[in-house]
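**Q** My structure file model-v9.cif, mmCIF, C-alpha atoms and all ligand atoms, is below:
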data_my_file
#
loop_
_atom_site.label_atom_id
_atom_site.label_comp_id
_atom_site.auth_asym_id
_atom_site.auth_seq_id
_atom_site.Cartn_x
_atom_site.Cartn_y
_atom_site.Cartn_z
CA MET A 1 -8.45 -15.28 -3.05
CA LYS A 2 -8.31 -16.18 -6.73
CA GLN A 3 -6.80 -13.96 -9.42
CA LEU A 4 -8.62 -13.09 -12.66
CA HIS A 5 -7.22 -11.16 -15.61
CA SER A 6 -10.05 -10.64 -18.14
CA PHE A 7 -13.80 -10.17 -18.55
CA ASP A 8 -13.84 -13.65 -20.13
CA GLU A 9 -12.42 -15.24 -16.99
CA LEU A 10 -14.97 -13.31 -14.97
CA ARG A 11 -17.76 -14.71 -17.16
CA GLN A 12 -16.65 -18.27 -16.33
CA ILE A 13 -17.70 -17.73 -12.70
CA LYS A 14 -21.30 -18.83 -12.38
CA ASP A 15 -21.90 -17.80 -8.75
CA THR A 16 -23.94 -14.73 -7.84
CA LYS A 17 -21.47 -11.82 -7.92
CA VAL A 18 -20.99 -8.75 -5.77
CA TYR A 19 -18.39 -6.30 -7.11
CA ALA A 20 -16.28 -3.64 -5.41
CA LEU A 21 -14.85 -1.22 -7.97
CA GLY A 22 -11.79 1.06 -7.84
CA THR A 23 -8.01 1.43 -7.94
CA PHE A 24 -7.67 0.51 -4.26
CA ASP A 25 -4.03 1.62 -3.88
CA GLY A 26 -3.37 1.18 -0.17
CA ILE A 27 -6.58 -0.64 0.84
CA HIS A 28 -6.94 2.23 3.30
CA ARG A 29 -9.78 2.48 5.82
CA GLY A 30 -12.10 4.07 3.24
CA HIS A 31 -11.41 1.24 0.78
CA GLN A 32 -11.90 -1.28 3.60
CA ARG A 33 -15.39 0.11 4.16
CA VAL A 34 -16.28 -0.51 0.49
CA ILE A 35 -14.71 -3.97 0.45
CA HIS A 36 -16.27 -4.99 3.76
CA LYS A 37 -19.70 -4.06 2.39
CA ALA A 38 -19.11 -6.15 -0.76
CA VAL A 39 -17.98 -9.18 1.27
CA GLU A 40 -20.94 -8.83 3.65
CA GLU A 41 -23.41 -8.59 0.73
CA ALA A 42 -21.84 -11.58 -1.04
CA ILE A 43 -22.22 -13.69 2.11
CA SER A 44 -25.85 -12.59 2.55
CA VAL A 45 -26.80 -13.74 -0.97
CA ASP A 46 -24.60 -16.83 -0.84
CA GLY A 47 -22.51 -15.42 -3.67
CA VAL A 48 -18.91 -14.31 -4.22
CA SER A 49 -17.16 -10.96 -3.68
CA ILE A 50 -15.00 -9.70 -6.54
CA ILE A 51 -12.66 -6.69 -6.55
CA ILE A 52 -12.55 -5.10 -10.00
CA THR A 53 -9.39 -3.08 -10.52
CA PHE A 54 -6.53 -2.47 -12.98
CA GLU A 55 -3.21 -4.19 -13.39
CA HIS A 56 -1.45 -0.85 -13.86
CA HIS A 57 -2.31 2.79 -13.36
CA PRO A 58 -3.97 4.44 -16.44
CA LEU A 59 -1.04 6.88 -16.62
CA THR A 60 1.31 3.99 -17.57
CA ILE A 61 -0.22 4.40 -21.05
CA LEU A 62 -0.79 8.15 -21.16
CA HIS A 63 2.18 9.59 -19.20
CA PRO A 64 4.41 6.86 -17.75
CA GLU A 65 6.64 9.50 -16.10
CA ARG A 66 3.64 10.74 -14.09
CA VAL A 67 2.52 7.37 -12.66
CA PRO A 68 2.07 7.97 -8.91
CA LYS A 69 4.20 5.93 -6.53
CA ARG A 70 2.22 3.16 -4.85
CA VAL A 71 1.38 3.08 -1.17
CA ILE A 72 0.98 -0.71 -1.11
CA GLN A 73 2.83 -3.43 -3.02
CA GLU A 74 0.72 -5.87 -5.01
CA GLU A 75 1.76 -8.85 -2.87
CA ILE A 76 0.89 -7.10 0.38
CA MET A 77 -2.39 -5.86 -1.15
CA ASP A 78 -3.31 -9.50 -1.86
CA THR A 79 -2.53 -10.52 1.72
CA VAL A 80 -4.72 -7.71 3.08
CA LEU A 81 -7.58 -8.66 0.72
CA GLU A 82 -7.30 -12.30 1.84
CA GLU A 83 -7.65 -11.12 5.45
CA LEU A 84 -10.79 -9.20 4.42
CA LYS A 85 -12.16 -12.50 3.03
CA VAL A 86 -12.44 -11.35 -0.59
CA ASP A 87 -13.09 -14.26 -2.98
CA TYR A 88 -11.68 -12.91 -6.28
CA ILE A 89 -9.70 -10.02 -7.69
CA LEU A 90 -9.94 -9.10 -11.38
CA ARG A 91 -6.92 -7.02 -12.44
CA LEU A 92 -7.79 -5.75 -15.91
CA PRO A 93 -4.70 -5.28 -18.08
CA MET A 94 -4.31 -1.56 -18.82
CA THR A 95 -4.60 -1.05 -22.59
CA GLU A 96 -5.57 1.83 -24.89
CA ALA A 97 -8.77 -0.07 -25.69
CA LEU A 98 -9.70 -0.22 -22.00
CA LEU A 99 -8.94 3.48 -21.56
CA LYS A 100 -11.21 4.33 -24.49
CA MET A 101 -14.09 2.17 -23.23
CA THR A 102 -17.08 4.40 -22.40
CA ALA A 103 -18.85 4.14 -19.04
CA ASP A 104 -21.69 2.33 -20.84
CA GLU A 105 -19.39 -0.20 -22.51
CA PHE A 106 -17.56 -0.84 -19.23
CA LEU A 107 -20.84 -1.58 -17.43
CA HIS A 108 -21.99 -3.74 -20.31
CA GLU A 109 -18.83 -5.91 -19.97
CA LEU A 110 -19.25 -6.16 -16.20
CA CYS A 111 -22.98 -6.74 -16.02
CA ASN A 112 -24.27 -8.56 -19.11
CA ASP A 113 -24.78 -12.30 -18.55
CA MET A 114 -22.72 -12.09 -15.37
CA ASN A 115 -25.30 -12.82 -12.65
CA VAL A 116 -24.47 -9.67 -10.69
CA GLU A 117 -26.40 -8.97 -7.47
CA ALA A 118 -24.78 -5.70 -6.39
CA ILE A 119 -21.96 -3.23 -7.09
CA VAL A 120 -20.31 -1.42 -4.18
CA ILE A 121 -18.53 1.90 -4.82
CA GLY A 122 -17.60 5.03 -2.91
CA GLU A 123 -19.45 8.30 -3.44
CA ASN A 124 -16.57 9.75 -5.47
CA PHE A 125 -16.14 6.79 -7.83
CA THR A 126 -15.81 7.67 -11.53
CA PHE A 127 -15.31 5.29 -14.45
CA GLY A 128 -15.19 4.92 -18.22
CA ALA A 129 -13.42 7.09 -20.80
CA LYS A 130 -12.63 10.56 -19.43
CA ALA A 131 -14.09 9.40 -16.09
CA LEU A 132 -17.57 10.42 -17.27
CA GLY A 133 -19.39 7.64 -15.39
CA ASN A 134 -20.42 8.32 -11.76
CA PRO A 135 -22.61 6.57 -9.13
CA GLU A 136 -25.87 8.21 -10.33
CA TYR A 137 -25.17 7.23 -13.92
CA MET A 138 -24.31 3.67 -12.84
CA LYS A 139 -27.63 3.38 -10.99
CA GLN A 140 -29.56 4.50 -14.10
CA VAL A 141 -27.76 2.09 -16.44
CA VAL A 142 -28.14 -1.03 -14.27
CA ALA A 143 -31.64 -0.27 -12.93
CA ASP A 144 -33.38 -2.55 -15.46
CA LYS A 145 -30.98 -5.42 -14.68
CA ASN A 146 -32.02 -5.73 -11.03
CA ILE A 147 -28.51 -4.91 -9.91
CA ARG A 148 -28.26 -2.86 -6.72
CA VAL A 149 -25.64 -0.08 -6.59
CA LEU A 150 -24.52 0.39 -2.98
CA VAL A 151 -22.85 3.79 -2.70
CA GLN A 152 -20.75 4.18 0.44
CA PRO A 153 -20.21 7.58 2.11
CA LEU A 154 -16.59 8.72 2.07
CA LEU A 155 -14.66 8.15 5.28
CA PRO A 156 -12.88 11.40 6.18
CA CYS A 157 -9.43 11.88 7.70
CA ASP A 158 -9.93 12.57 11.44
CA GLY A 159 -10.84 16.15 12.32
CA SER A 160 -11.17 17.21 8.67
CA SER A 161 -13.64 17.07 5.81
CA THR A 162 -10.99 15.65 3.41
CA PRO A 163 -11.76 12.02 2.54
CA ILE A 164 -9.06 9.44 3.25
CA SER A 165 -7.39 8.78 -0.12
CA SER A 166 -4.23 7.21 -1.47
CA THR A 167 -3.18 10.73 -2.53
CA GLU A 168 -3.32 12.02 1.09
CA ILE A 169 -1.52 8.90 2.35
CA ARG A 170 1.23 9.22 -0.30
CA LYS A 171 1.74 12.85 0.74
CA ALA A 172 1.97 11.90 4.43
CA ILE A 173 4.55 9.18 3.64
CA HIS A 174 6.67 11.58 1.56
CA GLU A 175 6.59 14.14 4.37
CA GLY A 176 7.51 11.59 7.06
CA HIS A 177 4.11 11.82 8.79
CA LEU A 178 3.98 8.08 9.35
CA GLU A 179 1.48 8.24 12.23
CA ASP A 180 -1.07 9.89 9.90
CA ALA A 181 -0.34 7.52 7.01
CA ASN A 182 -0.56 4.50 9.31
CA HIS A 183 -3.78 5.70 10.91
CA TRP A 184 -5.46 6.24 7.52
CA LEU A 185 -4.15 2.94 6.17
CA GLY A 186 -5.40 1.09 9.24
CA ARG A 187 -2.00 -0.67 9.43
CA PRO A 188 1.63 0.48 9.34
CA PHE A 189 3.11 1.58 6.01
CA GLN A 190 5.37 -1.26 4.90
CA PHE A 191 7.26 -2.82 2.05
CA LYS A 192 8.74 -6.18 1.24
CA GLY A 193 12.26 -6.61 -0.09
CA THR A 194 15.25 -8.91 -0.32
CA VAL A 195 18.09 -8.51 2.16
CA ILE A 196 21.29 -7.52 0.34
CA LYS A 197 24.89 -7.37 1.51
CA GLY A 198 25.90 -4.01 2.99
CA ASP A 199 29.48 -2.95 3.74
CA GLN A 200 29.42 -5.11 6.91
CA ARG A 201 30.54 -2.08 8.86
CA GLY A 202 27.46 -1.97 11.12
CA ARG A 203 28.67 -4.96 13.14
CA THR A 204 31.94 -3.16 13.96
CA LEU A 205 29.92 -0.13 15.12
CA GLY A 206 27.87 -2.32 17.48
CA PHE A 207 24.79 -1.87 15.25
CA PRO A 208 24.51 -4.68 12.69
CA THR A 209 21.83 -3.86 10.13
CA LEU A 210 19.90 -5.68 7.43
CA ASN A 211 20.02 -3.76 4.16
CA LEU A 212 17.33 -3.48 1.47
CA LEU A 213 16.98 -1.50 -1.73
CA LEU A 214 13.89 0.72 -1.72
CA PRO A 215 11.25 -0.68 -4.13
CA ASN A 216 11.18 1.61 -7.15
CA GLU A 217 7.39 1.58 -7.56
CA MET A 218 6.71 2.58 -3.95
CA ALA A 219 6.27 5.90 -2.16
CA THR A 220 9.17 6.23 0.29
CA PRO A 221 9.49 8.16 3.51
CA PRO A 222 12.18 10.89 3.58
CA ASP A 223 15.80 10.06 4.42
CA GLY A 224 16.21 9.70 8.16
CA VAL A 225 15.89 7.42 11.16
CA TYR A 226 12.73 5.43 12.03
CA ALA A 227 11.21 3.15 14.63
CA ASN A 228 10.57 -0.02 12.62
CA ARG A 229 9.09 -3.47 12.86
CA VAL A 230 10.51 -6.22 10.67
CA CYS A 231 8.99 -9.58 9.73
CA ILE A 232 11.61 -12.31 9.24
CA ASP A 233 10.43 -15.88 8.59
CA GLY A 234 6.94 -14.97 9.86
CA ILE A 235 8.17 -13.49 13.16
CA TRP A 236 7.89 -9.75 13.93
CA TYR A 237 10.83 -7.97 15.57
CA ASP A 238 11.29 -4.39 16.77
CA GLY A 239 14.14 -2.33 15.37
CA VAL A 240 15.58 1.07 14.55
CA GLY A 241 16.34 1.91 10.93
CA ASN A 242 17.75 4.44 8.54
CA ILE A 243 16.79 5.45 5.01
CA GLY A 244 19.52 7.28 3.13
CA ASP A 245 22.98 7.07 1.63
CA ASN A 246 25.07 7.18 4.81
CA PRO A 247 26.73 10.56 4.21
CA THR A 248 29.25 9.85 6.99
CA PHE A 249 30.92 7.36 4.62
CA ARG A 250 32.15 7.61 1.02
CA ASN A 251 30.74 5.87 -2.08
CA GLN A 252 27.42 4.84 -0.55
CA TYR A 253 24.09 4.26 -2.30
CA HIS A 254 20.49 4.92 -1.33
CA ARG A 255 19.03 2.10 0.78
CA CYS A 256 16.94 1.18 3.80
CA GLU A 257 18.67 -0.51 6.73
CA VAL A 258 17.34 -1.73 10.04
CA HIS A 259 19.12 -2.71 13.23
CA VAL A 260 16.82 -5.49 14.50
CA PHE A 261 16.71 -5.81 18.30
CA ASN A 262 17.60 -9.20 19.81
CA PHE A 263 18.42 -10.74 16.45
CA ASP A 264 21.71 -12.07 15.18
CA GLN A 265 21.35 -14.34 12.16
CA ASP A 266 22.69 -14.27 8.63
CA ILE A 267 19.65 -13.56 6.43
CA TYR A 268 21.18 -12.37 3.16
CA GLY A 269 18.86 -13.18 0.25
CA LYS A 270 15.77 -13.55 2.48
CA GLU A 271 12.54 -11.64 1.85
CA VAL A 272 11.53 -9.48 4.80
CA ILE A 273 8.77 -6.94 5.44
CA VAL A 274 9.75 -3.60 7.00
CA GLN A 275 7.10 -1.47 8.70
CA PHE A 276 7.63 2.22 9.47
CA ILE A 277 6.06 3.22 12.78
CA SER A 278 7.47 6.69 13.38
CA TYR A 279 10.05 9.17 12.08
CA ILE A 280 12.76 9.95 14.64
CA ARG A 281 15.25 12.38 13.00
CA GLY A 282 16.96 13.32 9.73
CA GLU A 283 20.14 11.68 8.42
CA VAL A 284 23.33 13.51 9.42
CA LYS A 285 26.93 13.54 8.17
CA PHE A 286 29.00 12.85 11.31
CA ASN A 287 32.62 13.98 11.63
CA ASN A 288 33.72 10.81 13.38
CA LEU A 289 32.52 7.27 14.08
CA GLN A 290 32.06 7.78 17.82
CA ASP A 291 29.54 10.59 17.24
CA LEU A 292 27.55 8.30 14.91
CA ILE A 293 27.64 5.43 17.44
CA ASP A 294 26.57 7.75 20.31
CA GLN A 295 23.67 9.04 18.21
CA MET A 296 22.60 5.50 17.22
CA LYS A 297 22.41 4.61 20.94
CA VAL A 298 20.07 7.58 21.51
CA ASP A 299 18.03 6.51 18.41
CA GLU A 300 17.73 2.98 19.81
CA GLU A 301 16.37 4.26 23.14
CA GLN A 302 13.89 6.49 21.33
CA ALA A 303 12.73 3.65 19.06
CA LEU A 304 12.27 1.33 22.05
CA ALA A 305 10.12 3.96 23.79
CA ILE A 306 8.01 4.56 20.66
CA LEU A 307 7.52 0.85 19.95
CA ALA A 308 6.60 0.10 23.56
CA ASN A 309 3.57 2.38 23.10
CA ALA A 310 2.73 1.60 19.47
C1 LIG A 401 19.59 3.89 13.79
C2 LIG A 401 20.55 4.24 12.70
C3 LIG A 401 20.85 5.57 12.46
C4 LIG A 401 21.74 5.93 11.45
N1 LIG A 401 22.03 7.24 11.22
C5 LIG A 401 22.93 7.59 10.30
C6 LIG A 401 23.28 8.95 10.08
O1 LIG A 401 22.70 9.88 10.65
N2 LIG A 401 24.27 9.24 9.20
C7 LIG A 401 24.91 8.26 8.50
O2 LIG A 401 25.81 8.58 7.72
N3 LIG A 401 24.58 6.95 8.64
C8 LIG A 401 23.61 6.61 9.52
N4 LIG A 401 23.28 5.28 9.69
C9 LIG A 401 23.84 4.30 8.80
C10 LIG A 401 25.15 3.73 9.30
O3 LIG A 401 26.19 4.56 8.83
C11 LIG A 401 25.30 2.33 8.73
O4 LIG A 401 24.34 1.51 9.35
C12 LIG A 401 26.65 1.75 8.99
O5 LIG A 401 27.61 2.49 8.33
C13 LIG A 401 26.71 0.29 8.54
O6 LIG A 401 26.60 0.16 7.15
P1 LIG A 401 26.51 -1.29 6.48
O7 LIG A 401 25.16 -1.87 6.79
O8 LIG A 401 26.69 -1.05 4.99
O9 LIG A 401 27.61 -2.11 7.05
C14 LIG A 401 22.36 4.91 10.66
C15 LIG A 401 22.04 3.56 10.90
C16 LIG A 401 21.15 3.21 11.90
C17 LIG A 401 20.80 1.78 12.13
N1 LIG A 402 -12.40 7.69 1.96
C1 LIG A 402 -13.18 6.81 1.32
N2 LIG A 402 -14.28 6.29 1.94
C2 LIG A 402 -15.08 5.40 1.32
N3 LIG A 402 -14.86 4.96 0.08
C3 LIG A 402 -13.80 5.43 -0.59
C4 LIG A 402 -12.89 6.37 0.00
N4 LIG A 402 -11.93 6.66 -0.90
C5 LIG A 402 -12.21 5.93 -2.00
N5 LIG A 402 -13.33 5.20 -1.83
C6 LIG A 402 -13.95 4.28 -2.77
O1 LIG A 402 -13.15 3.08 -2.81
C7 LIG A 402 -13.04 2.62 -4.16
C8 LIG A 402 -11.58 2.65 -4.58
O2 LIG A 402 -11.08 3.99 -4.54
P1 LIG A 402 -9.96 4.50 -5.54
O3 LIG A 402 -8.72 3.77 -5.25
O4 LIG A 402 -10.48 4.35 -6.92
O5 LIG A 402 -9.81 6.06 -5.18
P2 LIG A 402 -9.05 6.88 -3.97
O6 LIG A 402 -8.71 6.09 -2.77
O7 LIG A 402 -9.87 8.12 -3.79
O8 LIG A 402 -7.67 7.16 -4.59
P3 LIG A 402 -6.95 8.48 -5.11
O9 LIG A 402 -6.34 9.12 -3.93
O10 LIG A 402 -5.94 7.92 -6.07
O11 LIG A 402 -8.00 9.33 -5.73
C9 LIG A 402 -13.91 3.55 -5.01
O12 LIG A 402 -15.17 2.96 -5.16
C10 LIG A 402 -13.95 4.83 -4.19
O13 LIG A 402 -15.09 5.59 -4.47
#
Could you write out this file's structure as structure tokens?
Ligand SMILES: Cc1cc2nc3c(=O)[nH]c(=O)nc-3n(C[C@H](O)[C@H](O)[C@H](O)COP(=O)(O)O)c2cc1C
Ligand SMILES: Nc1ncnc2c1ncn2[C@@H]1O[C@H](COP(=O)(O)OP(=O)(O)OP(=O)(O)O)[C@@H](O)[C@H]1O

**A**
Amino acid sequence: MKQLHSFDELRQIKDTKVYALGTFDGIHRGHQRVIHKAVEEAISVDGVSIIITFEHHPLTILHPERVPKRVIQEEIMDTVLEELKVDYILRLPMTEALLKMTADEFLHELCNDMNVEAIVIGENFTFGAKALGNPEYMKQVVADKNIRVLVQPLLPCDGSSTPISSTEIRKAIHEGHLEDANHWLGRPFQFKGTVIKGDQRGRTLGFPTLNLLLPNEMATPPDGVYANRVCIDGIWYDGVGNIGDNPTFRNQYHRCEVHVFNFDQDIYGKEVIVQFISYIRGEVKFNNLQDLIDQMKVDEEQALAILANA
């Protein structure tokens, strides 16, 4: 998948274009429906599929303190889009000028002299200044250009009328409802990070762990113990992990650590991906080391049972 950063770069592409429009934080199952349709259409007209999105959330300009935490990191988003066979992604830089662009102006930039065959959006898609543009309006504006607007019905969360959305997924992650978040995402919630040096105490407890700082831009599950999977050098391992600041010990800092089963290598400085499969329990301040060790043994058994069925 190739990366684009401006309307000008988009104009350089001469192939027949099929767009999928939106923020796409998470590439959840609803987003996948929209993207799949765009890829399918592009193949059927021998053209290219292009995701049109933004480099940063609009609130980075208006209210930076209110920017929502992300449910997928950009790098992982790109990997998922590659797997979905998307040809291009245009990440428009977020500027005041872009925010002020009317729905009409936005469509003009996207559609004039661009050789566009179709635009795929979800039913709830809005665009342009003050989000005044909607699917009906888009259809009217592009009707005379022979561009088809393919509006996809919203995929609901199971057993409810609420559509799957990054907002619902973010909430589930924050509340520790990883099974829901993972189901709506269509893959486990995960993040990538660099392994840092911990206090090297874990080894002496019989539970060596790899330590990571939690990525600042990401939604994070609550402090506590989790069944995890970890990707190290392209290989996936099972493990049991903890998010928190280890209240049993003094002078600790907030981090994510995972005890990886059947693994004993020095991987400081390596990039790993940690997936969160299920919440097991909250973090506890233990009165002595033996109580912590005994509890970690119970956690390990529970994680093994969860992962055997996940
Ligand atoms: C499965 C698991 C459960 C844990 N639970 C707790 C806990 O409830 N309370 C706590 O203070 N630390 C907990 N920890 C963190 C340990 O205290 C920490 O791994 C250990 O002190 C080693 O730290 P180090 O990696 O900096 O050497 C847990 C760690 C793991 C792997
Ligand atoms: N559940 C869904 N089913 C089908 N399409 C969806 C669904 N949710 C969003 N879409 C569509 O996917 C594209 C990207 O969605 P976008 O990220 O802009 O919104 P969202 O997922 O609803 O996020 P938020 O929770 O931030 O509102 C849009 O065209 C949108 O209409």

**Q** Just want the residues within 8 Å of ligand LIG 402 (chain A), written as a PyMOL selection string, counting all atoms listed in the file.

**A** chain A and resi 20-35+120-126+152-157+163-169

**Q** For the selection you just gave me, I'd like the residues written to a file as a PDB file, in the frame of the given file, keeping C-alpha atoms.

**A**
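Result went into result-v4.pdb, see below:
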ATOM      1  CA  ALA A  20     -16.280  -3.640  -5.410  1.00  0.00           C
ATOM      2  CA  LEU A  21     -14.850  -1.220  -7.970  1.00  0.00           C
ATOM      3  CA  GLY A  22     -11.790   1.060  -7.840  1.00  0.00           C
ATOM      4  CA  THR A  23      -8.010   1.430  -7.940  1.00  0.00           C
ATOM      5  CA  PHE A  24      -7.670   0.510  -4.260  1.00  0.00           C
ATOM      6  CA  ASP A  25      -4.030   1.620  -3.880  1.00  0.00           C
ATOM      7  CA  GLY A  26      -3.370   1.180  -0.170  1.00  0.00           C
ATOM      8  CA  ILE A  27      -6.580  -0.640   0.840  1.00  0.00           C
ATOM      9  CA  HIS A  28      -6.940   2.230   3.300  1.00  0.00           C
ATOM     10  CA  ARG A  29      -9.780   2.480   5.820  1.00  0.00           C
ATOM     11  CA  GLY A  30     -12.100   4.070   3.240  1.00  0.00           C
ATOM     12  CA  HIS A  31     -11.410   1.240   0.780  1.00  0.00           C
ATOM     13  CA  GLN A  32     -11.900  -1.280   3.600  1.00  0.00           C
ATOM     14  CA  ARG A  33     -15.390   0.110   4.160  1.00  0.00           C
ATOM     15  CA  VAL A  34     -16.280  -0.510   0.490  1.00  0.00           C
ATOM     16  CA  ILE A  35     -14.710  -3.970   0.450  1.00  0.00           C
ATOM     17  CA  VAL A 120     -20.310  -1.420  -4.180  1.00  0.00           C
ATOM     18  CA  ILE A 121     -18.530   1.900  -4.820  1.00  0.00           C
ATOM     19  CA  GLY A 122     -17.600   5.030  -2.910  1.00  0.00           C
ATOM     20  CA  GLU A 123     -19.450   8.300  -3.440  1.00  0.00           C
ATOM     21  CA  ASN A 124     -16.570   9.750  -5.470  1.00  0.00           C
ATOM     22  CA  PHE A 125     -16.140   6.790  -7.830  1.00  0.00           C
ATOM     23  CA  THR A 126     -15.810   7.670 -11.530  1.00  0.00           C
ATOM     24  CA  GLN A 152     -20.750   4.180   0.440  1.00  0.00           C
ATOM     25  CA  PRO A 153     -20.210   7.580   2.110  1.00  0.00           C
ATOM     26  CA  LEU A 154     -16.590   8.720   2.070  1.00  0.00           C
ATOM     27  CA  LEU A 155     -14.660   8.150   5.280  1.00  0.00           C
ATOM     28  CA  PRO A 156     -12.880  11.400   6.180  1.00  0.00           C
ATOM     29  CA  CYS A 157      -9.430  11.880   7.700  1.00  0.00           C
ATOM     30  CA  PRO A 163     -11.760  12.020   2.540  1.00  0.00           C
ATOM     31  CA  ILE A 164      -9.060   9.440   3.250  1.00  0.00           C
ATOM     32  CA  SER A 165      -7.390   8.780  -0.120  1.00  0.00           C
ATOM     33  CA  SER A 166      -4.230   7.210  -1.470  1.00  0.00           C
ATOM     34  CA  THR A 167      -3.180  10.730  -2.530  1.00  0.00           C
ATOM     35  CA  GLU A 168      -3.320  12.020   1.090  1.00  0.00           C
ATOM     36  CA  ILE A 169      -1.520   8.900   2.350  1.00  0.00           C
TER      37      ILE A 169
END

**Q** Quick one: residues within 9 Å of stretch 248-252 of chain A, only C-alpha atoms, excluding same-chain residues fewer than 3 positions away - as a PyMOL selection string?

**A** chain A and resi 245+255+284-289+292

**Q** Using all atoms listed in the file, find each residue of chain A with at least one atom at most 7 Å away from an atom of ligand LIG 401 (chain A); report its shortest atom-to-atom pair and that distance in Å (one decimal), sort the rows by chain and rising residue number, and return the result as JSON lines.

**A**
{"residue": "A:Gly198", "atom": "CA", "partner": "A:LIG401", "partner_atom": "O8", "distance": 3.7}
{"residue": "A:Asp199", "atom": "CA", "partner": "A:LIG401", "partner_atom": "O8", "distance": 3.6}
{"residue": "A:Gln200", "atom": "CA", "partner": "A:LIG401", "partner_atom": "O9", "distance": 3.5}
{"residue": "A:Arg201", "atom": "CA", "partner": "A:LIG401", "partner_atom": "O9", "distance": 3.4}
{"residue": "A:Gly202", "atom": "CA", "partner": "A:LIG401", "partner_atom": "C13", "distance": 3.5}
{"residue": "A:Arg203", "atom": "CA", "partner": "A:LIG401", "partner_atom": "O9", "distance": 6.8}
{"residue": "A:Phe207", "atom": "CA", "partner": "A:LIG401", "partner_atom": "C17", "distance": 6.2}
{"residue": "A:Pro208", "atom": "CA", "partner": "A:LIG401", "partner_atom": "O7", "distance": 6.6}
{"residue": "A:Thr209", "atom": "CA", "partner": "A:LIG401", "partner_atom": "O7", "distance": 5.1}
{"residue": "A:Leu210", "atom": "CA", "partner": "A:LIG401", "partner_atom": "O7", "distance": 6.5}
{"residue": "A:Asn211", "atom": "CA", "partner": "A:LIG401", "partner_atom": "O7", "distance": 6.1}
{"residue": "A:Gly224", "atom": "CA", "partner": "A:LIG401", "partner_atom": "O1", "distance": 7.0}
{"residue": "A:Val225", "atom": "CA", "partner": "A:LIG401", "partner_atom": "C3", "distance": 5.5}
{"residue": "A:Val240", "atom": "CA", "partner": "A:LIG401", "partner_atom": "C1", "distance": 5.0}
{"residue": "A:Gly241", "atom": "CA", "partner": "A:LIG401", "partner_atom": "C17", "distance": 4.6}
{"residue": "A:Asn242", "atom": "CA", "partner": "A:LIG401", "partner_atom": "C16", "distance": 4.9}
{"residue": "A:Asp245", "atom": "CA", "partner": "A:LIG401", "partner_atom": "O2", "distance": 6.9}
{"residue": "A:Asn246", "atom": "CA", "partner": "A:LIG401", "partner_atom": "O2", "distance": 3.3}
{"residue": "A:Pro247", "atom": "CA", "partner": "A:LIG401", "partner_atom": "O2", "distance": 4.1}
{"residue": "A:Thr248", "atom": "CA", "partner": "A:LIG401", "partner_atom": "O2", "distance": 3.7}
{"residue": "A:Phe249", "atom": "CA", "partner": "A:LIG401", "partner_atom": "O2", "distance": 6.1}
{"residue": "A:Glu257", "atom": "CA", "partner": "A:LIG401", "partner_atom": "C17", "distance": 6.2}
{"residue": "A:Val258", "atom": "CA", "partner": "A:LIG401", "partner_atom": "C17", "distance": 5.4}
{"residue": "A:His259", "atom": "CA", "partner": "A:LIG401", "partner_atom": "C17", "distance": 4.9}
{"residue": "A:Gly282", "atom": "CA", "partner": "A:LIG401", "partner_atom": "O1", "distance": 6.8}
{"residue": "A:Glu283", "atom": "CA", "partner": "A:LIG401", "partner_atom": "O1", "distance": 3.8}
{"residue": "A:Val284", "atom": "CA", "partner": "A:LIG401", "partner_atom": "O1", "distance": 3.9}
{"residue": "A:Lys285", "atom": "CA", "partner": "A:LIG401", "partner_atom": "O2", "distance": 5.1}
{"residue": "A:Phe286", "atom": "CA", "partner": "A:LIG401", "partner_atom": "N2", "distance": 6.3}
{"residue": "A:Leu292", "atom": "CA", "partner": "A:LIG401", "partner_atom": "C6", "distance": 6.5}
{"residue": "A:Met296", "atom": "CA", "partner": "A:LIG401", "partner_atom": "C1", "distance": 4.8}
{"residue": "A:Asp299", "atom": "CA", "partner": "A:LIG401", "partner_atom": "C1", "distance": 5.5}
{"residue": "A:Glu300", "atom": "CA", "partner": "A:LIG401", "partner_atom": "C1", "distance": 6.4}

**Q** Any idea what's packed within 10 Å of A:Lys145, counting all atoms listed in the file, ignoring anything in its chain fewer than 2 positions away? Could you give it as a PyMOL selection string?

**A** chain A and resi 111-112+115-117+141-143+147-148

**Q** Smallest atom-to-atom distance to A:Met218: which of A:Pro93, A:Gly234, A:Gly47, A:Gly193, using only C-alpha atoms?

**A**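 When distances to A:Met218 are compared using only C-alpha atoms, the smallest one comes from A:Gly193.
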
**Q** List the neighbours of A:Val67 out to 9 Å using all atoms listed in the file; skip same-chain residues closer than 6 positions along the sequence, and give me the result as a list in words.

**A** His57, Pro58, Leu59 and Thr60 of chain A

**Q** Do you have the atom CA of A:Met114-atom CA of A:Ile13 distance handy?

**A**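 About the pair atom CA of A:Met114 and atom CA of A:Ile13: they are 8.0 Å apart.
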
**Q** So which residues fall inside 9 Å of (-10.0, -11.8, -18.3) if we count only C-alpha atoms? Mind giving them as a list of chain:residue names?

**A**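 Nearby residues: A:Leu4, A:His5, A:Ser6, A:Phe7, A:Asp8, A:Glu9, A:Leu10, A:Arg11, A:Leu90, A:Arg91, A:Leu92, A:Pro93.
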
**Q** Could you tell me how far atom CA of A:His63 lies from atom CA of A:Lys100, in Å and to one decimal?

**A**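 Distance reported for this atom pair: 15.3 Å.
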
**Q** Could you jot down the atom CA of A:Phe106 to atom CA of A:Glu74 separation for me, Å, one decimal place?

**A** 23.7 Å

**Q** Using all atoms listed in the file, can you tell me which of A:Asp238, A:Leu205, A:Val195, A:Leu62 comes closest to A:Asp294?

**A**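 Residue with the minimum atom-to-atom distance to A:Asp294: A:Leu205.
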